[in-house]
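Asks: What follows is a structure written as C-alpha cells; I'll ask about it next.
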Number of protein chains: 2
Amino acid sequence: MAPIDKNSKLPLYYQLSDLIKEKIETGEWPEHHKLPPERELCQMYGVSRATVRQAMQELEVNGYIYKEHGRGTFVKPLKIRQDLLRFYSFTEEMKKLGKVPSSRVIDFCVEKCSEKVAKKMELQPGENVYKFTRLRLADEEPMMLETTYVLYEPFPGITREKLENTPLYNVLTQEFGVSFTMAEERFVPVLTRENEAELLQNLPRSPSMMIERLTYNHNRIVEYTVGIARGDKFEYRVVLK
Amino acid sequence: MAPIDKNSKLPLYYQLSDLIKEKIETGEWPEHHKLPPERELCQMYGVSRATVRQAMQELEVNGYIYKEHGRGTFVKPLKIRQDLLRFYSFTEEMKKLGKVPSSRVIDFCVEKCSEKVAKKMELQPGENVYKFTRLRLADEEPMMLETTYVLYEPFPGITREKLENTPLYNVLTQEFGVSFTMAEERFVPVLTRENEAELLQNLPRSPSMMIERLTYNHNRIVEYTVGIARGDKFEYRVVLK
DNA sequence: TAGTGGTCTAGACCACAAA
DNA sequence: TTGTGGTCTAGACCACTAA
C-alpha cells in the first residue's frame with residue numbers, strides 16, 4: 001500500500017505526486033473523482049501533512065486536481081487540464097484534434113551559422129548548427145512549413161530519419177537528456193510567399209501566421225524555429241489564469 | 001520593524017509577501033538584490049520558516065524573486081518579470097513600448113444580445129449587453145479595432161466617456177469590484193476588410209490579426225471582444241516556463 | 001566549514017461545506 | 001457537528017555554494 005521509498009533520492013512529495021498523477025492518467029481516478037482527504041493520504045503513505053500538501057500543490061499547478069475548501073480535492077477534467085500553457089508541439093496538437101500528424105523533411109544539413117541566426121541564438125557566428133526545413137502535415141494535408149536551427153555540439157547524431165519519425169522534442173529530451181526550461185514564441189500575421197504557397201498547397205498572398213520560437217535550456221538557447229502556418233487551418237489559443 | 005498584524009484577517013504569509021513586493025516595486029530592493037535569508041526573515045517578522053517559505057513561493061510564482069540553492073534569494077529583473085503571462089491590456093502594452101495609448105469610441109449602445117453573441121457568452125438570447133466599438137491608437141496612430149460586449153446587469157452605468165479615458169479593466173474591477181479569474185484568447189491571421197482598412201488607415205486585404213477574447217469571473221463570462229490588429233504593427237509574444 | 005535554500009515531521013487551530 | 005482544506009509553529013536534517 002505504501003510504495004513510497006523513504007531511502008530514494010527522490011523527494012517524498014515528488015514520489016507521492018507521481019503516484020497520484022499515474023492514477024489520474026490511467027483513469028483509475030476519473031474526472032471529478034474525490035481524492036482521499038489529506039490526513040488519510042498521510043496515513044496511507046506514512047508521511048506528514050506538509051509533505052502531502054506539497055505533493056498536492058505540485059498536482060494543482062500542473063492542472064491535475066482542484067480543491068474546494070471544506071469539500072475536498074478532486075480530479076480536474078482533462079479538457080481543462082489540456083488548456084494549460086505548455087510548449088507547442090505540432091505532433092501533440094494535431095493528435096489532440098484527432099488528426100494524424102506527419103513531417104516531410106525537405107532539407108537537412110549541418111552548417112556554420114549565419115550572422116542572423118547567431119544573433120537570434122546568442123552564438124558566435126560560425127558555430128555549427130543543424131538546419132532543417134520540415135513540411136508538417138495533418139491527415140496528409142500541409143499545415144505549416146518550419147525551418148529549425150538546433151545546436152550541434154550537445155546533440156551529435158541527429159539524422160534526417162529520426163526527424164521524420166519522432167517529434168523533435170522527444171529526440172532532444174529522451175536521447176540527450178536535455179530539459180527545456182523556457183520557450184518564447186512570437187506570432188505575426190503575414191502573407192505567404194510564392195515558394196511557401198506552393199509547398200503549403202495554398203495561393204500566394206494568403207493570410208498566414210509567422211511563428212518564431214526560441215527554446216531554452218536554462219540560459220542557453222537550444223533551438224530556433226521560424227515557421228509559416230496556413231491561416232485557414234491554424235489558430236493560436238491561450239488560456240490565462 | 002514588524003508591521004505584520006497577527007490579528008488581521010489576512011494570512012501572515014500574504015501580509016509578508018505584500019511587504020516584500022512593495023520593497024521591490026519601490027526599488028528599495030533593486031534587481032538582483034539579495035533578500036535576507038529565510039531564517040532571518042522569521043526573526044524579523046516573528047513568524048515560522050514555513051510561513052516565510054509560503055510567502056516566498058507566492059513571490060516566486062509571480063515573478064518577483066528567484067532562488068539559488070546554497071546562495072540565497074534575489075530580486076528578479078523587471079524585464080523578466082514583465083514577460084510573465086497576464087491579461088492583455090492594450091493600454092498597458094503600449095505604455096510598455098513607450099507609446100501613448102488612446103481610444104476613440106466609434107459606437108456605443110446597450111442592446112439585447114444576438115443569437116451569436118449569446119452563444120459565445122453563454123447567455124440567453126435577448127439579455128442586455130453593452131456593445132461598443134473602439135479604435136485603439138498608439139501615439140495617435142491606429143493600431144487595432146475592437147468590438148466588445150459586456151454584461152449589462154452587474155455593471156450599470158458604464159458610459160462612453162468612461163471608456164475614452166479609462167482602461168476597460170480598470171472600470172470593471174475598480175468601480176464594480178469584479179475580479180477576473182480567467183481569460184481565453186484566440187489569434188487567427190486574416191485580411192482586413194474594406195471598412196476596417198479605412199479606420200485602420202490601411203490598405204484593404206492587408207495581413208492582420210483577428211483577436212477574440214472571453215474574460216471570465218469564475219464561471220461567468222463577463223466580456224467578449226473581437227478585434228482586428230494591424231499586422232505591420234502588432235505581434236503576439238508568449239513566454240512559457 | 002559556515003551559510004543558505006530544500007525537505008520533512010508532529011501537531012495545533014481556523015474557516016468553510018454539508019448533513 | 002463532522003469532515004475537509006487553509007494557515008501556522010518549532011524544530012530537524014540534507015544538499016548545495018562559497019570561502
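Letters A, B, ... go to the chains of the C-alpha cells in the order shown; residues in each chain start at 1; ligands are counted from 1 in the same order.
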I'd like a table as a Markdown table: residues in chain A with an atom no more than 6 Å from chain B, each row giving the shortest atom pair and its distance in Å to one decimal, only C-alpha atoms counted, sorted by chain and rising residue number.
Replies:
| residue | atom | partner | partner_atom | distance |
| --- | --- | --- | --- | --- |
| A:Thr181 | CA | B:Lys241 | CA | 5.8 |
| A:Met182 | CA | B:Lys241 | CA | 4.5 |
| A:Ala183 | CA | B:Leu240 | CA | 5.1 |
| A:Glu184 | CA | B:Val239 | CA | 4.4 |
| A:Glu185 | CA | B:Val238 | CA | 5.1 |
| A:Arg186 | CA | B:Arg237 | CA | 4.4 |
| A:Phe187 | CA | B:Tyr236 | CA | 5.0 |
| A:Val188 | CA | B:Glu235 | CA | 5.0 |
| A:Pro189 | CA | B:Pro189 | CA | 5.1 |
| A:Val190 | CA | B:Pro207 | CA | 5.2 |
| A:Pro207 | CA | B:Val190 | CA | 5.2 |
| A:Ser208 | CA | B:Pro189 | CA | 5.5 |
| A:Met209 | CA | B:Pro189 | CA | 5.8 |
| A:Gly231 | CA | B:Pro189 | CA | 5.4 |
| A:Glu235 | CA | B:Val188 | CA | 5.0 |
| A:Tyr236 | CA | B:Phe187 | CA | 5.0 |
| A:Arg237 | CA | B:Arg186 | CA | 4.4 |
| A:Val238 | CA | B:Glu185 | CA | 5.1 |
| A:Val239 | CA | B:Glu184 | CA | 4.4 |
| A:Leu240 | CA | B:Ala183 | CA | 5.1 |
| A:Lys241 | CA | B:Met182 | CA | 4.5 |
Asks: Please save N, CA and C atoms of the selected residues as a PDB file, in the first residue's frame.
Replies:
ATOM      1  N   THR A 181      13.698  24.609 -20.178  1.00  0.00           N
ATOM      2  CA  THR A 181      13.242  25.380 -19.024  1.00  0.00           C
ATOM      3  C   THR A 181      12.351  26.530 -19.449  1.00  0.00           C
ATOM      4  N   MET A 182      12.464  26.944 -20.708  1.00  0.00           N
ATOM      5  CA  MET A 182      11.719  28.111 -21.118  1.00  0.00           C
ATOM      6  C   MET A 182      11.584  28.118 -22.623  1.00  0.00           C
ATOM      7  N   ALA A 183      10.546  28.753 -23.124  1.00  0.00           N
ATOM      8  CA  ALA A 183      10.416  28.965 -24.555  1.00  0.00           C
ATOM      9  C   ALA A 183       9.736  30.303 -24.770  1.00  0.00           C
ATOM     10  N   GLU A 184      10.099  30.934 -25.863  1.00  0.00           N
ATOM     11  CA  GLU A 184       9.498  32.219 -26.188  1.00  0.00           C
ATOM     12  C   GLU A 184       8.962  32.116 -27.603  1.00  0.00           C
ATOM     13  N   GLU A 185       7.719  32.520 -27.797  1.00  0.00           N
ATOM     14  CA  GLU A 185       7.120  32.421 -29.119  1.00  0.00           C
ATOM     15  C   GLU A 185       6.575  33.761 -29.562  1.00  0.00           C
ATOM     16  N   ARG A 186       6.736  34.059 -30.844  1.00  0.00           N
ATOM     17  CA  ARG A 186       6.180  35.279 -31.425  1.00  0.00           C
ATOM     18  C   ARG A 186       5.255  34.890 -32.553  1.00  0.00           C
ATOM     19  N   PHE A 187       4.127  35.561 -32.665  1.00  0.00           N
ATOM     20  CA  PHE A 187       3.169  35.309 -33.725  1.00  0.00           C
ATOM     21  C   PHE A 187       2.914  36.600 -34.470  1.00  0.00           C
ATOM     22  N   VAL A 188       3.105  36.580 -35.772  1.00  0.00           N
ATOM     23  CA  VAL A 188       2.877  37.766 -36.583  1.00  0.00           C
ATOM     24  C   VAL A 188       2.091  37.345 -37.831  1.00  0.00           C
ATOM     25  N   PRO A 189       1.011  38.075 -38.149  1.00  0.00           N
ATOM     26  CA  PRO A 189       0.242  37.733 -39.348  1.00  0.00           C
ATOM     27  C   PRO A 189       0.977  38.214 -40.589  1.00  0.00           C
ATOM     28  N   VAL A 190       1.089  37.360 -41.587  1.00  0.00           N
ATOM     29  CA  VAL A 190       1.791  37.709 -42.827  1.00  0.00           C
ATOM     30  C   VAL A 190       1.056  37.089 -44.011  1.00  0.00           C
ATOM     31  N   PRO A 207      -3.565  34.755 -46.220  1.00  0.00           N
ATOM     32  CA  PRO A 207      -3.254  35.112 -44.827  1.00  0.00           C
ATOM     33  C   PRO A 207      -2.667  33.913 -44.107  1.00  0.00           C
ATOM     34  N   SER A 208      -1.587  34.130 -43.401  1.00  0.00           N
ATOM     35  CA  SER A 208      -0.970  33.037 -42.671  1.00  0.00           C
ATOM     36  C   SER A 208      -0.250  33.575 -41.447  1.00  0.00           C
ATOM     37  N   MET A 209       0.220  32.676 -40.623  1.00  0.00           N
ATOM     38  CA  MET A 209       0.836  33.084 -39.358  1.00  0.00           C
ATOM     39  C   MET A 209       2.311  32.751 -39.377  1.00  0.00           C
ATOM     40  N   GLY A 231      -3.265  30.124 -42.576  1.00  0.00           N
ATOM     41  CA  GLY A 231      -4.238  30.850 -41.760  1.00  0.00           C
ATOM     42  C   GLY A 231      -5.598  30.197 -41.734  1.00  0.00           C
ATOM     43  N   GLU A 235      -4.980  28.210 -35.695  1.00  0.00           N
ATOM     44  CA  GLU A 235      -5.296  29.296 -34.786  1.00  0.00           C
ATOM     45  C   GLU A 235      -4.462  29.103 -33.540  1.00  0.00           C
ATOM     46  N   TYR A 236      -4.160  30.194 -32.865  1.00  0.00           N
ATOM     47  CA  TYR A 236      -3.414  30.075 -31.617  1.00  0.00           C
ATOM     48  C   TYR A 236      -4.350  30.452 -30.499  1.00  0.00           C
ATOM     49  N   ARG A 237      -4.329  29.642 -29.468  1.00  0.00           N
ATOM     50  CA  ARG A 237      -5.275  29.815 -28.382  1.00  0.00           C
ATOM     51  C   ARG A 237      -4.508  29.859 -27.064  1.00  0.00           C
ATOM     52  N   VAL A 238      -4.814  30.821 -26.237  1.00  0.00           N
ATOM     53  CA  VAL A 238      -4.171  30.932 -24.932  1.00  0.00           C
ATOM     54  C   VAL A 238      -5.232  31.008 -23.860  1.00  0.00           C
ATOM     55  N   VAL A 239      -4.973  30.338 -22.751  1.00  0.00           N
ATOM     56  CA  VAL A 239      -5.833  30.476 -21.585  1.00  0.00           C
ATOM     57  C   VAL A 239      -4.986  31.034 -20.456  1.00  0.00           C
ATOM     58  N   LEU A 240      -5.432  32.147 -19.939  1.00  0.00           N
ATOM     59  CA  LEU A 240      -4.684  32.828 -18.878  1.00  0.00           C
ATOM     60  C   LEU A 240      -5.457  32.729 -17.585  1.00  0.00           C
ATOM     61  N   LYS A 241      -4.737  32.481 -16.503  1.00  0.00           N
ATOM     62  CA  LYS A 241      -5.413  32.449 -15.195  1.00  0.00           C
ATOM     63  C   LYS A 241      -5.043  33.696 -14.400  1.00  0.00           C
TER      64      LYS A 241
END
Asks: Rotate and translate chain A onto chain B via least squares on all in-order Cα pairs, then write the result as a compact mmCIF listing (two decimals) with C-alpha atoms, in the first residue's frame.
Replies:
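part.txt, written as the output of this step:
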# COMPACT_ATOMS: atom_id res chain seq x y z
CA MET A 1 10.00 46.85 12.04
CA ALA A 2 7.19 44.33 12.10
CA PRO A 3 4.22 45.92 10.36
CA ILE A 4 2.53 42.53 10.15
CA ASP A 5 -0.83 42.52 11.87
CA LYS A 6 -1.49 39.17 13.48
CA ASN A 7 -5.09 40.12 14.09
CA SER A 8 -5.75 41.07 10.50
CA LYS A 9 -8.14 38.96 8.50
CA LEU A 10 -5.44 38.74 5.83
CA PRO A 11 -3.18 35.72 6.14
CA LEU A 12 0.29 36.44 7.46
CA TYR A 13 2.01 35.04 4.37
CA TYR A 14 -0.09 37.35 2.22
CA GLN A 15 0.80 40.42 4.28
CA LEU A 16 4.45 39.46 4.13
CA SER A 17 4.53 38.88 0.37
CA ASP A 18 2.77 42.20 -0.14
CA LEU A 19 5.36 43.96 1.97
CA ILE A 20 8.19 42.50 -0.04
CA LYS A 21 6.41 43.18 -3.32
CA GLU A 22 6.29 46.83 -2.35
CA LYS A 23 10.00 46.98 -1.57
CA ILE A 24 10.67 45.54 -5.01
CA GLU A 25 8.23 47.74 -6.89
CA THR A 26 9.45 50.95 -5.29
CA GLY A 27 13.00 49.99 -6.16
CA GLU A 28 14.11 49.89 -2.52
CA TRP A 29 15.32 46.39 -3.42
CA PRO A 30 16.70 46.66 -6.98
CA GLU A 31 17.23 43.91 -9.53
CA HIS A 32 19.36 41.02 -8.30
CA HIS A 33 19.30 42.44 -4.77
CA LYS A 34 19.73 39.69 -2.23
CA LEU A 35 16.75 39.28 0.09
CA PRO A 36 17.30 38.53 3.76
CA PRO A 37 17.62 34.79 4.40
CA GLU A 38 14.37 33.03 5.24
CA ARG A 39 15.35 32.49 8.87
CA GLU A 40 16.13 36.15 9.23
CA LEU A 41 12.75 37.16 7.81
CA CYS A 42 11.18 34.87 10.43
CA GLN A 43 12.81 36.89 13.19
CA MET A 44 12.17 40.25 11.55
CA TYR A 45 8.46 39.65 11.23
CA GLY A 46 7.87 37.19 14.04
CA VAL A 47 6.53 34.36 11.89
CA SER A 48 7.56 30.78 11.30
CA ARG A 49 9.68 29.61 8.43
CA ALA A 50 6.77 27.83 6.75
CA THR A 51 4.94 31.13 6.59
CA VAL A 52 7.93 32.91 5.14
CA ARG A 53 8.33 30.17 2.57
CA GLN A 54 4.69 30.41 1.59
CA ALA A 55 5.10 34.14 1.05
CA MET A 56 8.25 33.53 -0.97
CA GLN A 57 6.47 31.00 -3.12
CA GLU A 58 3.78 33.53 -3.88
CA LEU A 59 6.45 35.97 -4.98
CA GLU A 60 8.25 33.35 -7.02
CA VAL A 61 5.26 32.27 -9.10
CA ASN A 62 4.44 35.90 -9.74
CA GLY A 63 7.91 36.49 -11.05
CA TYR A 64 9.21 38.83 -8.35
CA ILE A 65 12.08 36.70 -7.09
CA TYR A 66 14.30 33.80 -7.99
CA LYS A 67 16.09 31.41 -5.68
CA GLU A 68 19.48 29.79 -5.91
CA HIS A 69 19.98 26.80 -3.70
CA GLY A 70 22.77 27.48 -1.25
CA ARG A 71 23.20 31.09 -2.34
CA GLY A 72 20.03 32.89 -1.45
CA THR A 73 16.95 34.61 -2.82
CA PHE A 74 17.15 37.55 -5.21
CA VAL A 75 14.99 40.15 -6.90
CA LYS A 76 14.15 39.09 -10.45
CA PRO A 77 14.91 41.61 -13.22
CA LEU A 78 11.85 43.51 -14.39
CA LYS A 79 12.45 42.50 -18.00
CA ILE A 80 11.93 38.85 -17.13
CA ARG A 81 9.08 39.57 -14.75
CA GLN A 82 7.20 41.32 -17.53
CA ASP A 83 7.52 38.28 -19.77
CA LEU A 84 5.11 36.40 -17.53
CA LEU A 85 1.78 35.64 -19.03
CA ARG A 86 -0.95 37.98 -18.02
CA PHE A 87 -4.21 39.34 -19.31
CA TYR A 88 -3.65 41.37 -22.43
CA SER A 89 -4.22 45.03 -21.84
CA PHE A 90 -3.71 47.31 -24.81
CA THR A 91 -3.06 50.23 -22.50
CA GLU A 92 -0.37 48.39 -20.54
CA GLU A 93 1.31 46.90 -23.59
CA MET A 94 1.62 50.26 -25.31
CA LYS A 95 2.99 51.93 -22.20
CA LYS A 96 5.60 49.20 -22.00
CA LEU A 97 6.67 50.02 -25.53
CA GLY A 98 7.00 53.66 -24.58
CA LYS A 99 3.98 54.79 -26.59
CA VAL A 100 1.04 56.85 -25.48
CA PRO A 101 -2.14 54.76 -25.71
CA SER A 102 -5.54 56.24 -26.40
CA SER A 103 -8.99 55.04 -27.39
CA ARG A 104 -11.64 56.51 -29.63
CA VAL A 105 -15.08 55.11 -28.90
CA ILE A 106 -16.81 54.77 -32.26
CA ASP A 107 -19.98 53.18 -31.11
CA PHE A 108 -21.58 52.65 -27.72
CA CYS A 109 -24.95 51.17 -26.77
CA VAL A 110 -26.81 48.76 -24.55
CA GLU A 111 -28.70 46.14 -26.52
CA LYS A 112 -30.33 42.75 -26.22
CA CYS A 113 -27.64 40.34 -27.29
CA SER A 114 -27.85 38.53 -30.59
CA GLU A 115 -28.00 34.76 -30.96
CA LYS A 116 -24.34 34.65 -31.95
CA VAL A 117 -23.09 36.73 -29.03
CA ALA A 118 -25.35 34.83 -26.63
CA LYS A 119 -23.76 31.60 -27.72
CA LYS A 120 -20.22 32.91 -27.31
CA MET A 121 -20.97 34.36 -23.88
CA GLU A 122 -23.17 31.46 -22.76
CA LEU A 123 -26.14 33.78 -22.16
CA GLN A 124 -29.81 33.59 -22.98
CA PRO A 125 -30.50 35.39 -26.28
CA GLY A 126 -32.02 38.77 -25.50
CA GLU A 127 -30.14 39.45 -22.25
CA ASN A 128 -28.85 43.00 -21.97
CA VAL A 129 -25.24 43.68 -22.87
CA TYR A 130 -23.10 46.71 -23.49
CA LYS A 131 -21.74 46.77 -26.99
CA PHE A 132 -19.01 49.20 -27.96
CA THR A 133 -16.45 49.57 -30.67
CA ARG A 134 -13.15 51.24 -29.96
CA LEU A 135 -10.33 52.31 -32.19
CA ARG A 136 -7.12 51.88 -30.19
CA LEU A 137 -4.25 54.20 -30.99
CA ALA A 138 -0.62 54.45 -29.96
CA ASP A 139 0.97 57.86 -30.31
CA GLU A 140 -2.18 58.83 -32.22
CA GLU A 141 -1.60 56.08 -34.78
CA PRO A 142 -4.37 53.51 -35.25
CA MET A 143 -3.30 50.06 -34.05
CA MET A 144 -6.42 47.97 -33.64
CA LEU A 145 -10.17 48.01 -33.86
CA GLU A 146 -12.12 46.20 -31.15
CA THR A 147 -15.76 45.44 -30.57
CA THR A 148 -16.51 44.46 -26.99
CA TYR A 149 -19.57 42.98 -25.32
CA VAL A 150 -19.90 43.28 -21.53
CA LEU A 151 -22.63 41.93 -19.26
CA TYR A 152 -25.00 44.73 -18.31
CA GLU A 153 -26.49 43.51 -15.07
CA PRO A 154 -23.45 43.40 -12.77
CA PHE A 155 -22.00 46.64 -14.21
CA PRO A 156 -24.65 49.35 -14.26
CA GLY A 157 -23.50 52.79 -15.28
CA ILE A 158 -20.64 52.25 -17.68
CA THR A 159 -20.48 55.29 -19.93
CA ARG A 160 -18.81 56.24 -23.13
CA GLU A 161 -16.72 58.82 -21.30
CA LYS A 162 -15.32 56.32 -18.81
CA LEU A 163 -14.14 54.10 -21.64
CA GLU A 164 -12.32 56.93 -23.33
CA ASN A 165 -10.32 57.67 -20.23
CA THR A 166 -9.91 54.44 -18.27
CA PRO A 167 -8.76 50.96 -19.29
CA LEU A 168 -11.79 48.66 -19.40
CA TYR A 169 -10.30 46.28 -16.88
CA ASN A 170 -9.78 49.05 -14.38
CA VAL A 171 -13.41 50.14 -14.76
CA LEU A 172 -14.68 46.63 -14.13
CA THR A 173 -12.35 45.66 -11.32
CA GLN A 174 -12.00 48.91 -9.44
CA GLU A 175 -15.50 50.34 -9.79
CA PHE A 176 -17.38 47.10 -9.50
CA GLY A 177 -14.94 44.94 -7.56
CA VAL A 178 -15.17 42.04 -9.99
CA SER A 179 -12.01 39.99 -10.38
CA PHE A 180 -11.04 38.04 -13.46
CA THR A 181 -10.14 34.44 -12.89
CA MET A 182 -9.50 33.35 -16.43
CA ALA A 183 -9.28 34.55 -20.00
CA GLU A 184 -9.14 32.73 -23.29
CA GLU A 185 -7.69 34.28 -26.41
CA ARG A 186 -7.68 33.16 -30.03
CA PHE A 187 -5.43 34.57 -32.73
CA VAL A 188 -6.16 34.03 -36.40
CA PRO A 189 -4.40 35.72 -39.34
CA VAL A 190 -6.84 37.46 -41.69
CA LEU A 191 -7.04 40.27 -44.22
CA THR A 192 -8.56 43.64 -43.37
CA ARG A 193 -11.94 44.40 -44.90
CA GLU A 194 -12.61 47.72 -46.56
CA ASN A 195 -14.35 49.45 -43.66
CA GLU A 196 -11.76 48.17 -41.18
CA ALA A 197 -8.88 49.29 -43.38
CA GLU A 198 -10.36 52.75 -43.53
CA LEU A 199 -10.44 53.13 -39.76
CA LEU A 200 -7.02 51.56 -39.34
CA GLN A 201 -5.59 53.81 -42.06
CA ASN A 202 -4.50 50.73 -43.85
CA LEU A 203 -4.94 49.24 -47.31
CA PRO A 204 -7.80 46.80 -47.67
CA ARG A 205 -6.63 43.17 -47.69
CA SER A 206 -3.56 43.91 -45.58
CA PRO A 207 -2.34 41.09 -43.34
CA SER A 208 -3.75 41.54 -39.88
CA MET A 209 -4.56 39.61 -36.74
CA MET A 210 -8.04 38.72 -35.61
CA ILE A 211 -8.11 38.54 -31.84
CA GLU A 212 -11.00 37.06 -29.95
CA ARG A 213 -11.13 37.13 -26.17
CA LEU A 214 -13.43 35.74 -23.51
CA THR A 215 -12.88 36.92 -19.95
CA TYR A 216 -14.25 34.95 -17.03
CA ASN A 217 -15.26 35.75 -13.48
CA HIS A 218 -15.22 32.22 -12.09
CA ASN A 219 -17.50 30.31 -14.45
CA ARG A 220 -19.32 33.34 -15.80
CA ILE A 221 -18.23 35.06 -18.99
CA VAL A 222 -18.04 38.78 -18.30
CA GLU A 223 -16.56 40.14 -21.51
CA TYR A 224 -16.31 39.11 -25.12
CA THR A 225 -14.11 41.03 -27.55
CA VAL A 226 -13.40 40.61 -31.24
CA GLY A 227 -10.69 42.76 -32.71
CA ILE A 228 -8.55 43.35 -35.73
CA ALA A 229 -4.95 44.47 -35.27
CA ARG A 230 -2.67 45.85 -37.95
CA GLY A 231 -0.18 43.15 -38.91
CA ASP A 232 2.59 45.66 -39.51
CA LYS A 233 2.26 46.99 -35.97
CA PHE A 234 1.20 44.01 -33.92
CA GLU A 235 2.90 40.86 -32.79
CA TYR A 236 1.91 38.38 -30.13
CA ARG A 237 4.61 37.04 -27.92
CA VAL A 238 4.41 34.18 -25.43
CA VAL A 239 6.96 32.93 -22.96
CA LEU A 240 6.40 29.42 -21.71
CA LYS A 241 8.15 27.85 -18.76
Asks: To one decimal place in Å, what is the distance between C1' of DA12 in chain D and C1' of DG3 in chain C?
Replies: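 Result for C1' of DA12 in chain D versus C1' of DG3 in chain C: 16.9 Å, one decimal.
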Asks: Taking only C-alpha atoms (C1' of nucleotides) into account, which residues of chain D are within 8 Å of chain B, as a PyMOL selection string?
Replies: chain D and resi 7-10+16-17
Asks: Quick one: pull the distance between C1' of DG5 in chain C and C1' of DG6 in chain D, Å, one decimal.
Replies: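 C1' of DG6 in chain D lies 24.2 Å from C1' of DG5 in chain C.
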Asks: From a DSSP calculation on the backbone, collect every residue of range 98-233 of chain B in helix (DSSP H, G or I) and output the set as a PDB file with C-alpha atoms, in the first residue's frame.
Replies:
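What follows is the written file part_4.pdb:
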ATOM      1  CA  GLU B 115     -28.027  34.700 -31.016  1.00  0.00           C
ATOM      2  CA  LYS B 116     -24.373  34.590 -31.993  1.00  0.00           C
ATOM      3  CA  VAL B 117     -23.134  36.700 -29.081  1.00  0.00           C
ATOM      4  CA  ALA B 118     -25.400  34.837 -26.665  1.00  0.00           C
ATOM      5  CA  LYS B 119     -23.776  31.598 -27.718  1.00  0.00           C
ATOM      6  CA  LYS B 120     -20.256  32.933 -27.284  1.00  0.00           C
ATOM      7  CA  MET B 121     -21.022  34.426 -23.879  1.00  0.00           C
ATOM      8  CA  ARG B 160     -18.974  56.325 -23.488  1.00  0.00           C
ATOM      9  CA  GLU B 161     -16.893  58.940 -21.669  1.00  0.00           C
ATOM     10  CA  LYS B 162     -15.521  56.487 -19.136  1.00  0.00           C
ATOM     11  CA  LEU B 163     -14.312  54.222 -21.917  1.00  0.00           C
ATOM     12  CA  GLU B 164     -12.495  57.042 -23.641  1.00  0.00           C
ATOM     13  CA  ASN B 165     -10.495  57.827 -20.529  1.00  0.00           C
ATOM     14  CA  LEU B 168     -11.964  48.840 -19.568  1.00  0.00           C
ATOM     15  CA  TYR B 169     -10.486  46.506 -16.994  1.00  0.00           C
ATOM     16  CA  ASN B 170      -9.995  49.325 -14.541  1.00  0.00           C
ATOM     17  CA  VAL B 171     -13.619  50.390 -14.975  1.00  0.00           C
ATOM     18  CA  LEU B 172     -14.875  46.873 -14.292  1.00  0.00           C
ATOM     19  CA  THR B 173     -12.550  45.962 -11.439  1.00  0.00           C
ATOM     20  CA  GLN B 174     -12.244  49.243  -9.619  1.00  0.00           C
ATOM     21  CA  GLU B 175     -15.748  50.648  -9.991  1.00  0.00           C
ATOM     22  CA  PHE B 176     -17.614  47.398  -9.686  1.00  0.00           C
ATOM     23  CA  GLU B 194     -12.613  47.465 -46.705  1.00  0.00           C
ATOM     24  CA  ASN B 195     -14.348  49.266 -43.826  1.00  0.00           C
ATOM     25  CA  GLU B 196     -11.772  48.031 -41.331  1.00  0.00           C
ATOM     26  CA  ALA B 197      -8.899  49.127 -43.532  1.00  0.00           C
ATOM     27  CA  GLU B 198     -10.387  52.582 -43.741  1.00  0.00           C
ATOM     28  CA  LEU B 199     -10.484  53.011 -39.979  1.00  0.00           C
ATOM     29  CA  LEU B 200      -7.068  51.469 -39.514  1.00  0.00           C
TER      30      LEU B 200
END
Asks: If the cut-off is 12 Å, can you tell me the residues of chain C near chain B, counting only C-alpha atoms (C1' of nucleotides)? I'd like them as a VMD selection string.
Replies: chain C and resid 2 to 8 14 to 15
Asks: Please produce a file of those selected residues containing N, CA and C atoms (P, O5', C5', C4', C3', O3' and C1' of nucleotides), as a compact mmCIF listing (two decimals), in the first residue's frame.
Replies:
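Output (part16.txt):
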# COMPACT_ATOMS: atom_id res chain seq x y z
P DA C 2 32.18 26.35 11.35
O5' DA C 2 31.40 27.37 10.42
C5' DA C 2 32.11 28.45 9.82
C4' DA C 2 31.16 29.23 8.93
C3' DA C 2 29.79 29.47 9.56
O3' DA C 2 29.37 30.77 9.15
C1' DA C 2 29.51 28.25 7.58
P DG C 3 27.95 31.38 9.61
O5' DG C 3 27.12 31.37 8.25
C5' DG C 3 27.62 32.09 7.13
C4' DG C 3 26.69 31.89 5.97
C3' DG C 3 25.20 32.07 6.32
O3' DG C 3 24.59 32.85 5.29
C1' DG C 3 25.52 29.99 5.30
P DT C 4 23.07 33.34 5.43
O5' DT C 4 22.29 32.45 4.38
C5' DT C 4 22.63 32.52 3.00
C4' DT C 4 22.00 31.35 2.30
C3' DT C 4 20.51 31.20 2.62
O3' DT C 4 19.73 31.74 1.58
C1' DT C 4 21.68 29.10 2.55
P DG C 5 18.11 31.72 1.76
O5' DG C 5 17.70 30.41 0.97
C5' DG C 5 17.90 30.34 -0.43
C4' DG C 5 17.78 28.90 -0.89
C3' DG C 5 16.36 28.33 -0.92
O3' DG C 5 16.25 27.46 -2.04
C1' DG C 5 17.66 27.02 0.48
P DG C 6 14.97 26.52 -2.24
O5' DG C 6 15.42 25.11 -1.62
C5' DG C 6 16.15 24.19 -2.40
C4' DG C 6 15.83 22.77 -1.96
C3' DG C 6 14.33 22.46 -1.94
O3' DG C 6 14.11 21.15 -2.46
C1' DG C 6 15.25 22.09 0.20
P DT C 7 12.67 20.53 -2.42
O5' DT C 7 12.70 19.72 -1.05
C5' DT C 7 13.48 18.54 -0.97
C4' DT C 7 13.30 17.91 0.38
C3' DT C 7 11.87 17.41 0.66
O3' DT C 7 11.95 16.01 0.86
C1' DT C 7 12.77 18.57 2.53
P DC C 8 10.66 15.14 0.98
O5' DC C 8 10.30 15.24 2.53
C5' DC C 8 11.20 14.69 3.48
C4' DC C 8 10.75 15.03 4.88
C3' DC C 8 9.25 14.85 5.15
O3' DC C 8 9.05 13.56 5.74
C1' DC C 8 10.27 16.70 6.32
P DC C 14 -8.96 28.57 17.01
O5' DC C 14 -9.11 28.94 15.46
C5' DC C 14 -8.06 29.65 14.80
C4' DC C 14 -8.39 29.81 13.32
C3' DC C 14 -9.86 30.13 13.04
O3' DC C 14 -9.92 31.17 12.08
C1' DC C 14 -9.21 28.19 11.85
P DA C 15 -11.36 31.70 11.60
O5' DA C 15 -11.63 30.88 10.28
C5' DA C 15 -10.80 31.08 9.13
C4' DA C 15 -11.48 30.48 7.92
C3' DA C 15 -12.96 30.84 7.78
O3' DA C 15 -13.24 30.88 6.40
C1' DA C 15 -12.77 28.53 8.07
Asks: Mind giving me the straight-line distance from C1' of DT1 in chain C to C1' of DA18 in chain D in Å, one decimal?
Replies: 10.2 Å
